[in-house]
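**Q** Here you go, one structure.
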Amino acid sequence: MDMNSTKASPVLTDPAPLNKSRLGIHSPVLPYSQSGTSFSASMLTIPRKKPGKLDDVRSNGWLDAMKSSSPPRKKILKDFSVEIITNDADVDYFSWMVKYPSALSSCQRILNQAMNRRIVMFLDYDGTLSPIVDDPDRAFMSDEMRAAVKNFAKYFPTAIISGRSRDKVYELVGLAELYYAGSHGMDIMFPAKDEMLSTHSNCIKSTDQNGKEINLFQPAHEFIPMINEVFKTLTENTKDIKGAMVENHKFCASVHYRNVNENLWPTVAQRVHDILKEYPRLRLTHGRKVLEIRPAIDWDKGKAVDFLLESLGLGNNQDVLPIYIGDDRTDEDAFKVLREGNRGYGILVSAVPKESKAFFSLKDPSQVKEFLESVVRMKEGKRASKA
């Protein structure tokens, strides 16, 4: 970026160069544990088991995690159809923003830090580009948001990293000029020369929905039969819980409990626990009112950021400023990667105070759109002034 330099704020320390040797992705991706039962097609039909005791999920902290990862919405007082946010909520949020300043008000300062650097943008989908809704199948991004992302990608490399399957998030976003990583970065569509395909294991050539040849990196490819099996079992074992919904994201399975009565959350957790204990090669992570079952390999959204930067030829480039915008607990892995060594900036999307590894904050998807548009306006304005 060729923005004028100003003195950096205490929050904005100068990002250090990316060190390719720190990526840790030249060796095969290793699971946390090599032990565990194997799986086969003969295991695809598993009878329902009698649930274990609810003490299991109380003692292992699952219930506490489910509540902490699903913060309540701000308290609203309604008076004559006018919604007024309580003063206490305002005070708490603005106090929190001292630690996580608004990316909108800090936009110029961020661009000053990007002077002579190339911004690379990473975006989560749910809760970042689209609102959180009761039905995940209806989490659509607006036409205005799509236009903002499309316009942003004209100037800066842009990637979507989502917990959804890569095919699904591509379908929802519908922009061919972006890069996509699904299943928390376990299914990455990336640009690369043939030599990179031979350097990295689990890289394959494939075709997209339009028949165009693409490169894919899938470090958990061997787990697909196991995830299919677990998805079927989870669906069968939760079908009697009103509001529960199970999704198959190809490399991970999600159990949504957003529409489940809170009194039944322990039942949801116990059903998942009983199934998961039969699969020591899988692990559980918590999202916003969702339990996610994924392969126990050393891979997450943070490593997906590193991989995409390398595939773009920017992995060892000190003139790069990576920015990641996300709202969920799984995005913290990416925030952490960018914070380490002040390599880039994480922006947390949240309307309630919560601890994060991010540098900045935005309140909701509408502010994400405004931030993207602001960066583009400043970029276009600078180009116009030089013309």
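Labels for the structure tokens follow display order: chains A, B, ..., residues from 1 in each chain, ligands from 1.
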Among region 109-321 of chain A, which ones does DSSP assign to alpha helix (DSSP H) (computed from the backbone)? Answer as a count of residues only.

**A** 68

**Q** As a list in words, list the residues of region 98-171 of chain A assigned to strand (DSSP E or B) by DSSP on the backbone atoms of this structure.

**A**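 Put together, the selection reads Ser102, Arg118, Ile119, Val120, Met121, Phe122, Leu123, Asp126, Ser130, Thr158, Ala159, Ile160 and Ile161 of chain A.
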
**Q** Please write the residues from the selection above to a file, keeping all heavy atoms, as a CSV table (one decimal), in the first residue's frame.

**A**
```csv
chain,number,residue,atom,x,y,z
A,102,SER,N,-12.5,-0.5,17.5
A,102,SER,CA,-13.3,-0.7,16.3
A,102,SER,C,-12.3,-0.6,15.1
A,102,SER,O,-11.6,0.3,14.9
A,102,SER,CB,-14.4,0.4,16.2
A,102,SER,OG,-14.9,0.4,14.9
A,118,ARG,N,1.3,-5.4,1.0
A,118,ARG,CA,0.1,-5.9,0.3
A,118,ARG,C,-0.8,-6.6,1.2
A,118,ARG,O,-0.5,-7.6,1.9
A,118,ARG,CB,0.6,-6.9,-0.8
A,118,ARG,CG,-0.5,-7.4,-1.7
A,118,ARG,CD,0.0,-8.4,-2.7
A,118,ARG,NE,-1.0,-8.7,-3.7
A,118,ARG,CZ,-0.9,-9.6,-4.7
A,118,ARG,NH1,0.2,-10.3,-4.7
A,118,ARG,NH2,-1.9,-9.8,-5.6
A,119,ILE,N,-2.0,-6.0,1.3
A,119,ILE,CA,-3.0,-6.6,2.2
A,119,ILE,C,-3.5,-7.9,1.6
A,119,ILE,O,-3.8,-8.0,0.4
A,119,ILE,CB,-4.2,-5.7,2.4
A,119,ILE,CG1,-3.8,-4.5,3.3
A,119,ILE,CG2,-5.4,-6.4,3.0
A,119,ILE,CD1,-4.9,-3.5,3.5
A,120,VAL,N,-3.6,-9.0,2.4
A,120,VAL,CA,-4.3,-10.2,2.0
A,120,VAL,C,-5.4,-10.5,3.0
A,120,VAL,O,-5.2,-10.5,4.2
A,120,VAL,CB,-3.3,-11.4,2.0
A,120,VAL,CG1,-4.0,-12.7,1.6
A,120,VAL,CG2,-2.1,-11.1,1.1
A,121,MET,N,-6.6,-10.6,2.5
A,121,MET,CA,-7.8,-10.7,3.4
A,121,MET,C,-8.3,-12.1,3.5
A,121,MET,O,-8.5,-12.8,2.5
A,121,MET,CB,-8.9,-9.8,2.9
A,121,MET,CG,-10.2,-9.8,3.7
A,121,MET,SD,-9.9,-9.1,5.4
A,121,MET,CE,-9.7,-7.4,5.0
A,122,PHE,N,-8.6,-12.5,4.8
A,122,PHE,CA,-9.2,-13.8,5.1
A,122,PHE,C,-10.5,-13.5,5.8
A,122,PHE,O,-10.6,-12.8,6.8
A,122,PHE,CB,-8.3,-14.7,5.9
A,122,PHE,CG,-7.0,-15.0,5.3
A,122,PHE,CD1,-5.9,-14.2,5.5
A,122,PHE,CD2,-6.8,-16.0,4.4
A,122,PHE,CE1,-4.7,-14.4,4.9
A,122,PHE,CE2,-5.6,-16.3,3.8
A,122,PHE,CZ,-4.5,-15.5,4.0
A,123,LEU,N,-11.6,-14.2,5.4
A,123,LEU,CA,-12.9,-13.9,5.9
A,123,LEU,C,-13.6,-15.2,6.3
A,123,LEU,O,-13.6,-16.2,5.5
A,123,LEU,CB,-13.8,-13.2,4.9
A,123,LEU,CG,-13.3,-11.9,4.4
A,123,LEU,CD1,-14.0,-11.5,3.1
A,123,LEU,CD2,-13.6,-10.8,5.4
A,126,ASP,N,-20.2,-17.5,8.2
A,126,ASP,CA,-21.3,-17.4,9.2
A,126,ASP,C,-21.0,-16.4,10.3
A,126,ASP,O,-20.0,-16.5,11.0
A,126,ASP,CB,-21.7,-18.7,9.8
A,126,ASP,CG,-22.3,-19.7,8.7
A,126,ASP,OD1,-23.5,-19.6,8.5
A,126,ASP,OD2,-21.5,-20.5,8.2
A,130,SER,N,-22.5,-13.2,6.7
A,130,SER,CA,-23.9,-13.4,6.8
A,130,SER,C,-24.3,-13.4,8.3
A,130,SER,O,-23.5,-13.7,9.1
A,130,SER,CB,-24.3,-14.8,6.2
A,130,SER,OG,-23.9,-15.8,7.0
A,158,THR,N,-8.2,-12.3,-1.7
A,158,THR,CA,-9.2,-12.5,-0.7
A,158,THR,C,-9.6,-14.0,-0.6
A,158,THR,O,-9.8,-14.7,-1.7
A,158,THR,CB,-10.5,-11.7,-1.0
A,158,THR,OG1,-10.1,-10.3,-1.1
A,158,THR,CG2,-11.5,-11.9,0.1
A,159,ALA,N,-9.7,-14.5,0.6
A,159,ALA,CA,-10.1,-16.0,0.8
A,159,ALA,C,-11.2,-16.1,1.8
A,159,ALA,O,-11.2,-15.3,2.8
A,159,ALA,CB,-8.8,-16.8,1.2
A,160,ILE,N,-12.0,-17.1,1.7
A,160,ILE,CA,-13.0,-17.4,2.6
A,160,ILE,C,-12.6,-18.7,3.4
A,160,ILE,O,-12.2,-19.7,2.7
A,160,ILE,CB,-14.4,-17.7,2.0
A,160,ILE,CG1,-14.8,-16.6,1.1
A,160,ILE,CG2,-15.5,-18.0,3.1
A,160,ILE,CD1,-15.1,-15.3,1.7
A,161,ILE,N,-12.5,-18.7,4.7
A,161,ILE,CA,-12.2,-19.9,5.5
A,161,ILE,C,-13.3,-20.2,6.4
A,161,ILE,O,-13.6,-19.4,7.4
A,161,ILE,CB,-10.9,-19.7,6.3
A,161,ILE,CG1,-9.7,-19.3,5.3
A,161,ILE,CG2,-10.5,-20.9,7.1
A,161,ILE,CD1,-8.4,-19.2,6.0
```

**Q** I'd like the contact shell of region 346-363 of chain A - 9 Å cut-off, only C-alpha atoms, skipping same-chain residues fewer than 6 positions apart - returned as a ChimeraX atom specification.

**A** /A:11-12,71-74,89,92-97,99-104,106,127-128,322-329,331-336,338-339,371

**Q** Now that the selection is made, can you save its residues with N, CA, C and O atoms as a short mmCIF file (atom, residue, chain, number, x, y, z; two decimals), in the first residue's frame?

**A**
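Result went into out-v2.cif, see below:
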```cif
data_model
loop_
_atom_site.label_atom_id
_atom_site.label_comp_id
_atom_site.auth_asym_id
_atom_site.auth_seq_id
_atom_site.Cartn_x
_atom_site.Cartn_y
_atom_site.Cartn_z
N VAL A 11 -1.52 -0.06 19.96
CA VAL A 11 -2.11 -1.35 19.62
C VAL A 11 -1.48 -1.92 18.36
O VAL A 11 -1.27 -3.11 18.22
N LEU A 12 -1.13 -1.04 17.42
CA LEU A 12 -0.66 -1.47 16.12
C LEU A 12 0.85 -1.55 16.08
O LEU A 12 1.53 -0.59 15.74
N PRO A 71 -22.77 -17.00 23.83
CA PRO A 71 -23.16 -15.89 24.69
C PRO A 71 -24.55 -15.38 24.38
O PRO A 71 -24.98 -15.40 23.23
N PRO A 72 -25.28 -14.96 25.41
CA PRO A 72 -26.63 -14.44 25.18
C PRO A 72 -26.60 -13.12 24.44
O PRO A 72 -25.59 -12.41 24.46
N ARG A 73 -27.67 -12.84 23.76
CA ARG A 73 -27.76 -11.55 23.08
C ARG A 73 -27.90 -10.44 24.11
O ARG A 73 -28.28 -10.66 25.24
N LYS A 74 -27.61 -9.21 23.67
CA LYS A 74 -27.73 -8.08 24.58
C LYS A 74 -29.16 -7.96 25.10
O LYS A 74 -30.12 -8.20 24.37
N ALA A 89 -25.16 -2.59 29.40
CA ALA A 89 -24.63 -3.28 28.23
C ALA A 89 -23.74 -2.35 27.42
O ALA A 89 -22.68 -2.75 26.93
N ASP A 92 -20.38 -1.86 29.33
CA ASP A 92 -19.54 -3.05 29.23
C ASP A 92 -18.91 -3.16 27.85
O ASP A 92 -17.72 -3.47 27.71
N TYR A 93 -19.71 -2.92 26.82
CA TYR A 93 -19.20 -3.06 25.45
C TYR A 93 -18.15 -2.01 25.13
O TYR A 93 -17.10 -2.32 24.56
N PHE A 94 -18.42 -0.77 25.50
CA PHE A 94 -17.46 0.29 25.20
C PHE A 94 -16.18 0.13 26.01
O PHE A 94 -15.09 0.47 25.54
N SER A 95 -16.29 -0.39 27.23
CA SER A 95 -15.09 -0.68 28.02
C SER A 95 -14.27 -1.77 27.35
O SER A 95 -13.04 -1.72 27.31
N TRP A 96 -14.96 -2.77 26.81
CA TRP A 96 -14.30 -3.87 26.10
C TRP A 96 -13.58 -3.36 24.85
O TRP A 96 -12.50 -3.82 24.51
N MET A 97 -14.18 -2.36 24.20
CA MET A 97 -13.60 -1.84 22.97
C MET A 97 -12.32 -1.03 23.20
O MET A 97 -11.59 -0.74 22.25
N LYS A 99 -9.87 -2.34 24.70
CA LYS A 99 -8.89 -3.40 24.42
C LYS A 99 -8.97 -3.85 22.98
O LYS A 99 -7.95 -4.22 22.37
N TYR A 100 -10.19 -3.84 22.40
CA TYR A 100 -10.40 -4.28 21.01
C TYR A 100 -11.04 -3.13 20.24
O TYR A 100 -12.25 -3.14 20.00
N PRO A 101 -10.26 -2.14 19.82
CA PRO A 101 -10.83 -0.95 19.15
C PRO A 101 -11.57 -1.32 17.87
O PRO A 101 -11.29 -2.33 17.23
N SER A 102 -12.51 -0.46 17.52
CA SER A 102 -13.27 -0.67 16.29
C SER A 102 -12.34 -0.60 15.08
O SER A 102 -11.57 0.34 14.92
N ALA A 103 -12.43 -1.60 14.21
CA ALA A 103 -11.64 -1.59 12.98
C ALA A 103 -12.10 -0.47 12.05
O ALA A 103 -11.32 0.02 11.23
N LEU A 104 -13.36 -0.04 12.19
CA LEU A 104 -13.86 1.05 11.37
C LEU A 104 -13.17 2.36 11.73
O LEU A 104 -12.67 3.08 10.86
N SER A 106 -10.43 2.61 13.22
CA SER A 106 -8.98 2.41 13.09
C SER A 106 -8.56 2.14 11.65
O SER A 106 -7.39 1.81 11.41
N GLY A 127 -21.84 -15.39 10.46
CA GLY A 127 -21.63 -14.40 11.51
C GLY A 127 -20.67 -13.30 11.10
O GLY A 127 -20.50 -12.33 11.84
N THR A 128 -20.05 -13.44 9.93
CA THR A 128 -19.11 -12.44 9.43
C THR A 128 -19.61 -11.83 8.13
O THR A 128 -19.78 -10.62 8.03
N PRO A 322 -1.37 -9.72 6.38
CA PRO A 322 -2.58 -10.54 6.42
C PRO A 322 -3.59 -10.00 7.44
O PRO A 322 -3.21 -9.59 8.54
N ILE A 323 -4.86 -10.00 7.07
CA ILE A 323 -5.94 -9.60 7.97
C ILE A 323 -6.99 -10.71 7.95
O ILE A 323 -7.35 -11.21 6.89
N TYR A 324 -7.45 -11.09 9.13
CA TYR A 324 -8.46 -12.15 9.23
C TYR A 324 -9.66 -11.59 10.01
O TYR A 324 -9.51 -11.06 11.11
N ILE A 325 -10.86 -11.73 9.43
CA ILE A 325 -12.09 -11.27 10.10
C ILE A 325 -12.97 -12.48 10.39
O ILE A 325 -13.32 -13.23 9.46
N GLY A 326 -13.32 -12.70 11.64
CA GLY A 326 -14.16 -13.83 12.02
C GLY A 326 -14.85 -13.59 13.34
O GLY A 326 -14.51 -12.68 14.08
N ASP A 327 -15.84 -14.44 13.62
CA ASP A 327 -16.66 -14.22 14.81
C ASP A 327 -16.67 -15.39 15.79
O ASP A 327 -17.21 -15.27 16.89
N ASP A 328 -16.10 -16.53 15.40
CA ASP A 328 -16.31 -17.75 16.17
C ASP A 328 -15.06 -18.17 16.91
O ASP A 328 -13.95 -17.70 16.65
N ARG A 329 -15.24 -19.13 17.81
CA ARG A 329 -14.13 -19.65 18.59
C ARG A 329 -13.07 -20.29 17.69
O ARG A 329 -11.88 -20.20 17.96
N ASP A 331 -12.13 -19.31 14.88
CA ASP A 331 -11.34 -18.26 14.24
C ASP A 331 -10.17 -17.81 15.11
O ASP A 331 -9.23 -17.17 14.62
N GLU A 332 -10.23 -18.15 16.40
CA GLU A 332 -9.14 -17.77 17.30
C GLU A 332 -7.81 -18.39 16.87
O GLU A 332 -6.75 -17.82 17.13
N ASP A 333 -7.85 -19.56 16.23
CA ASP A 333 -6.61 -20.18 15.76
C ASP A 333 -5.92 -19.28 14.73
O ASP A 333 -4.69 -19.17 14.71
N ALA A 334 -6.71 -18.64 13.88
CA ALA A 334 -6.15 -17.72 12.89
C ALA A 334 -5.69 -16.43 13.55
O ALA A 334 -4.62 -15.89 13.22
N PHE A 335 -6.48 -15.92 14.50
CA PHE A 335 -6.08 -14.71 15.21
C PHE A 335 -4.73 -14.92 15.90
O PHE A 335 -3.86 -14.04 15.90
N LYS A 336 -4.57 -16.08 16.51
CA LYS A 336 -3.34 -16.39 17.23
C LYS A 336 -2.14 -16.41 16.29
O LYS A 336 -1.08 -15.88 16.62
N LEU A 338 -1.73 -14.79 13.51
CA LEU A 338 -1.40 -13.45 13.06
C LEU A 338 -0.83 -12.59 14.19
O LEU A 338 -0.01 -11.70 13.95
N ARG A 339 -1.26 -12.85 15.41
CA ARG A 339 -0.75 -12.07 16.55
C ARG A 339 0.69 -12.45 16.88
O ARG A 339 1.48 -11.59 17.29
N PHE A 371 -16.45 -1.85 6.62
CA PHE A 371 -15.00 -1.85 6.73
C PHE A 371 -14.37 -2.17 5.37
O PHE A 371 -13.43 -1.49 4.93
#
```

**Q** Ranking A:Glu292, A:Gly182, A:Leu264, A:Asn342 by minimum distance to Phe231 (chain A) and counting only C-alpha atoms, which one comes first?

**A**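 Using only C-alpha atoms, Phe231 (chain A) sits closest to A:Glu292.
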
**Q** Check which residues of region 234-292 of chain A sit at most 12 Å from region 137-143 of chain A using only C-alpha atoms, and return one row each with the closest pair of atoms and their distance in Å to one decimal, ordered by chain and rising number, as CSV.

**A**
```
residue,atom,partner,partner_atom,distance
A:Met245,CA,A:Asp137,CA,10.8
A:Val246,CA,A:Asp137,CA,11.5
A:Glu247,CA,A:Asp137,CA,9.9
A:His256,CA,A:Asp137,CA,11.8
```

**Q** Keeping N, CA, C and O atoms, export the residues of the selection given above as an mmCIF file, in the first residue's frame.

**A**
```cif
data_model
loop_
_atom_site.group_PDB
_atom_site.id
_atom_site.type_symbol
_atom_site.label_atom_id
_atom_site.label_comp_id
_atom_site.auth_asym_id
_atom_site.auth_seq_id
_atom_site.Cartn_x
_atom_site.Cartn_y
_atom_site.Cartn_z
ATOM 1 N N MET A 245 -30.020 -30.379 14.821
ATOM 2 C CA MET A 245 -29.746 -30.499 13.389
ATOM 3 C C MET A 245 -28.311 -30.936 13.193
ATOM 4 O O MET A 245 -27.404 -30.408 13.832
ATOM 5 N N VAL A 246 -28.096 -31.898 12.318
ATOM 6 C CA VAL A 246 -26.760 -32.423 12.049
ATOM 7 C C VAL A 246 -26.390 -32.122 10.605
ATOM 8 O O VAL A 246 -27.203 -32.309 9.697
ATOM 9 N N GLU A 247 -25.177 -31.629 10.387
ATOM 10 C CA GLU A 247 -24.687 -31.324 9.044
ATOM 11 C C GLU A 247 -23.398 -32.091 8.769
ATOM 12 O O GLU A 247 -22.569 -32.280 9.662
ATOM 13 N N HIS A 256 -25.975 -28.892 15.546
ATOM 14 C CA HIS A 256 -26.488 -27.580 15.954
ATOM 15 C C HIS A 256 -27.542 -27.753 17.048
ATOM 16 O O HIS A 256 -28.447 -28.574 16.921
#
```

**Q** Please report the interatomic distance between CA of Glu222 (chain A) and CA of Met66 (chain A) in Å with one decimal.

**A**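 Result for CA of Glu222 (chain A) versus CA of Met66 (chain A): 28.8 Å, one decimal.
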
**Q** Considering only C-alpha atoms, can you say which of A:Ala147, A:Ser201, A:Asp134, A:Met115 comes closest to Tyr257 (chain A)?

**A**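 Under the stated criterion, the closest residue is A:Asp134.
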